[in-house]
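Enquirer: Structure provided below as structure tokens; questions to follow.
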Amino acid sequence: MAQNQDDGPDWFHDLDPLDTLFLGTAWPQEFRDEVEFSNARDAWLDMLRGTVHWSGIERFVRLVVDTSVEHDKPIDDGELMLLVAGRVEAAKLDQRKLPRDLLADHALADARTVFGPPDDLPLPDPPASAAEQVERFWAS
């Protein structure tokens with residue numbers, strides 16, 4: 001809807017089907033930018049690996065790639081997304097519900113890989129040998 005109504009961030013136009021799948025689990029959460037979004041997507045996919053849900057992710061990716069090849073369209077093409085949506089339903093890949101613990105807002109609530117350290121985190125004072133350590137680093 002955000003792409004259609006053009007009221008989402010600019011990077012929404014670059015989403016591929018796997019991004020869109022993740023976004024569906026995260027909605028209505030908003031991301032500050034595409035970097036935060038991609039970090040969250042990757043962390044979420046890592047959480048799914050090793051669960052019973054991973055085989056569905058693999059089937060989804062194969063379906064997208066097969067559809068892309070069949071129609072000679074890149075995976076982030078809007079028309080391909082529409083074709084994939086119909087095939088997801090036909091393949092019954094939309095039948096399994098994720099448990100609450102695997103939905104993005106819950107699963108990633110404390111993920112530093114997504115949100116980084118708090119903005120107000122005080123940094124420690126540099127050690128007295130900091131300048132020497134930097135010189136050694138650059139020399140190596």
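By convention here, the chains of the structure tokens are called A, B, ... in the order presented, each chain's residues are numbered starting at 1, and ligands are numbered starting at 1 in the order presented.
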Any chance you could tabulate, as JSON lines, the residues of stretch 30-51 of chain A at most 9 Å from stretch 95-113 of chain A with each one's nearest atom pair and distance in Å to one decimal, using only C-alpha atoms, in chain and rising number order?
Expert:
{"residue": "A:Glu36", "atom": "CA", "partner": "A:Thr113", "partner_atom": "CA", "distance": 8.6}
{"residue": "A:Asn39", "atom": "CA", "partner": "A:Thr113", "partner_atom": "CA", "distance": 6.3}
{"residue": "A:Ala40", "atom": "CA", "partner": "A:Leu108", "partner_atom": "CA", "distance": 7.2}
{"residue": "A:Arg41", "atom": "CA", "partner": "A:Ala104", "partner_atom": "CA", "distance": 8.5}
{"residue": "A:Ala43", "atom": "CA", "partner": "A:Thr113", "partner_atom": "CA", "distance": 7.2}
{"residue": "A:Trp44", "atom": "CA", "partner": "A:Ala104", "partner_atom": "CA", "distance": 6.6}
{"residue": "A:Met47", "atom": "CA", "partner": "A:Leu102", "partner_atom": "CA", "distance": 7.7}
{"residue": "A:Leu48", "atom": "CA", "partner": "A:Leu102", "partner_atom": "CA", "distance": 7.5}
Enquirer: Kindly save the residues from that selection, with all heavy atoms included, as a CSV table (one decimal), in the first residue's frame.
Expert:
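Below is the file part-v6.csv, written as the result:
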chain,number,residue,atom,x,y,z
A,36,GLU,N,18.7,0.0,9.0
A,36,GLU,CA,18.1,-0.6,10.2
A,36,GLU,C,17.1,-1.7,9.7
A,36,GLU,O,17.1,-2.8,10.3
A,36,GLU,CB,17.3,0.4,11.0
A,36,GLU,CG,16.6,-0.2,12.2
A,36,GLU,CD,15.8,0.9,13.0
A,36,GLU,OE1,14.7,1.2,12.6
A,36,GLU,OE2,16.4,1.4,14.0
A,39,ASN,N,19.3,-4.8,8.6
A,39,ASN,CA,19.8,-5.5,9.8
A,39,ASN,C,18.7,-6.3,10.5
A,39,ASN,O,19.0,-7.4,11.0
A,39,ASN,CB,20.4,-4.5,10.8
A,39,ASN,CG,21.8,-3.9,10.3
A,39,ASN,OD1,22.4,-4.5,9.4
A,39,ASN,ND2,22.2,-2.8,10.8
A,40,ALA,N,17.5,-5.7,10.6
A,40,ALA,CA,16.4,-6.4,11.3
A,40,ALA,C,16.0,-7.6,10.5
A,40,ALA,O,15.8,-8.7,11.0
A,40,ALA,CB,15.2,-5.4,11.5
A,41,ARG,N,15.9,-7.5,9.2
A,41,ARG,CA,15.6,-8.6,8.3
A,41,ARG,C,16.6,-9.8,8.5
A,41,ARG,O,16.2,-10.9,8.6
A,41,ARG,CB,15.5,-8.2,6.8
A,41,ARG,CG,15.1,-9.3,5.9
A,41,ARG,CD,15.6,-9.1,4.5
A,41,ARG,NE,17.1,-8.9,4.5
A,41,ARG,CZ,17.7,-7.9,3.9
A,41,ARG,NH1,17.0,-7.0,3.1
A,41,ARG,NH2,19.0,-7.7,4.0
A,43,ALA,N,18.7,-10.3,11.0
A,43,ALA,CA,18.6,-10.9,12.3
A,43,ALA,C,17.4,-11.8,12.4
A,43,ALA,O,17.4,-12.9,13.0
A,43,ALA,CB,18.5,-9.8,13.4
A,44,TRP,N,16.3,-11.4,11.8
A,44,TRP,CA,15.0,-12.2,11.9
A,44,TRP,C,15.2,-13.5,11.1
A,44,TRP,O,14.8,-14.6,11.6
A,44,TRP,CB,13.9,-11.4,11.3
A,44,TRP,CG,12.6,-12.1,11.3
A,44,TRP,CD1,11.8,-12.4,12.3
A,44,TRP,CD2,11.9,-12.7,10.1
A,44,TRP,NE1,10.6,-13.1,11.9
A,44,TRP,CE2,10.7,-13.3,10.6
A,44,TRP,CE3,12.2,-12.7,8.8
A,44,TRP,CZ2,9.8,-13.9,9.7
A,44,TRP,CZ3,11.3,-13.3,7.9
A,44,TRP,CH2,10.1,-13.8,8.3
A,47,MET,N,17.1,-15.9,13.1
A,47,MET,CA,16.3,-16.6,14.2
A,47,MET,C,15.5,-17.7,13.6
A,47,MET,O,15.2,-18.7,14.3
A,47,MET,CB,15.4,-15.5,14.8
A,47,MET,CG,16.1,-14.6,15.7
A,47,MET,SD,15.0,-13.4,16.4
A,47,MET,CE,16.1,-12.3,17.3
A,48,LEU,N,15.0,-17.5,12.4
A,48,LEU,CA,14.2,-18.6,11.8
A,48,LEU,C,14.9,-19.8,11.3
A,48,LEU,O,14.4,-20.9,11.3
A,48,LEU,CB,13.4,-18.0,10.6
A,48,LEU,CG,12.3,-17.1,10.9
A,48,LEU,CD1,11.6,-16.6,9.6
A,48,LEU,CD2,11.2,-17.8,11.7
Enquirer: Would you mind listing what lies within 12 Å of A:Leu82 as a ChimeraX atom specification, with only C-alpha atoms counted and same-chain residues fewer than 2 positions away left out?
Expert: /A:16-17,20,64,67-68,71,73,75-80,84-89
Enquirer: Nearest residue to A:Gly116 out of A:Asp94, A:Arg62, A:Leu18, A:Val35, using only C-alpha atoms?
Expert: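 Looking only at the distances to A:Gly116, the closest residue turns out to be A:Val35.
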Enquirer: Using Å and a single decimal, report how far atom CA of A:Leu15 sits from atom CA of A:Arg59.
Expert: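 It comes out at 18.8 Å.
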Enquirer: Ranking A:Phe137, A:Phe60, A:Leu23, A:Ala131 by minimum distance to A:Ala90 and counting only C-alpha atoms, which one comes first?
Expert: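 Under the stated criterion, the closest residue is A:Phe60.
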Enquirer: Which of these, A:Asp33, A:Val134, A:Leu93, A:Ser55, has the shortest distance to A:Leu21 once you count only C-alpha atoms?
Expert: A:Leu93
Enquirer: Identify, with DSSP run on backbone atoms, the residues in chain A assigned to alpha helix (DSSP H), and express the list as a ChimeraX atom specification.
Expert: /A:2-5,17-26,34-48,54-71,78-90,104-107,112-115,130-139
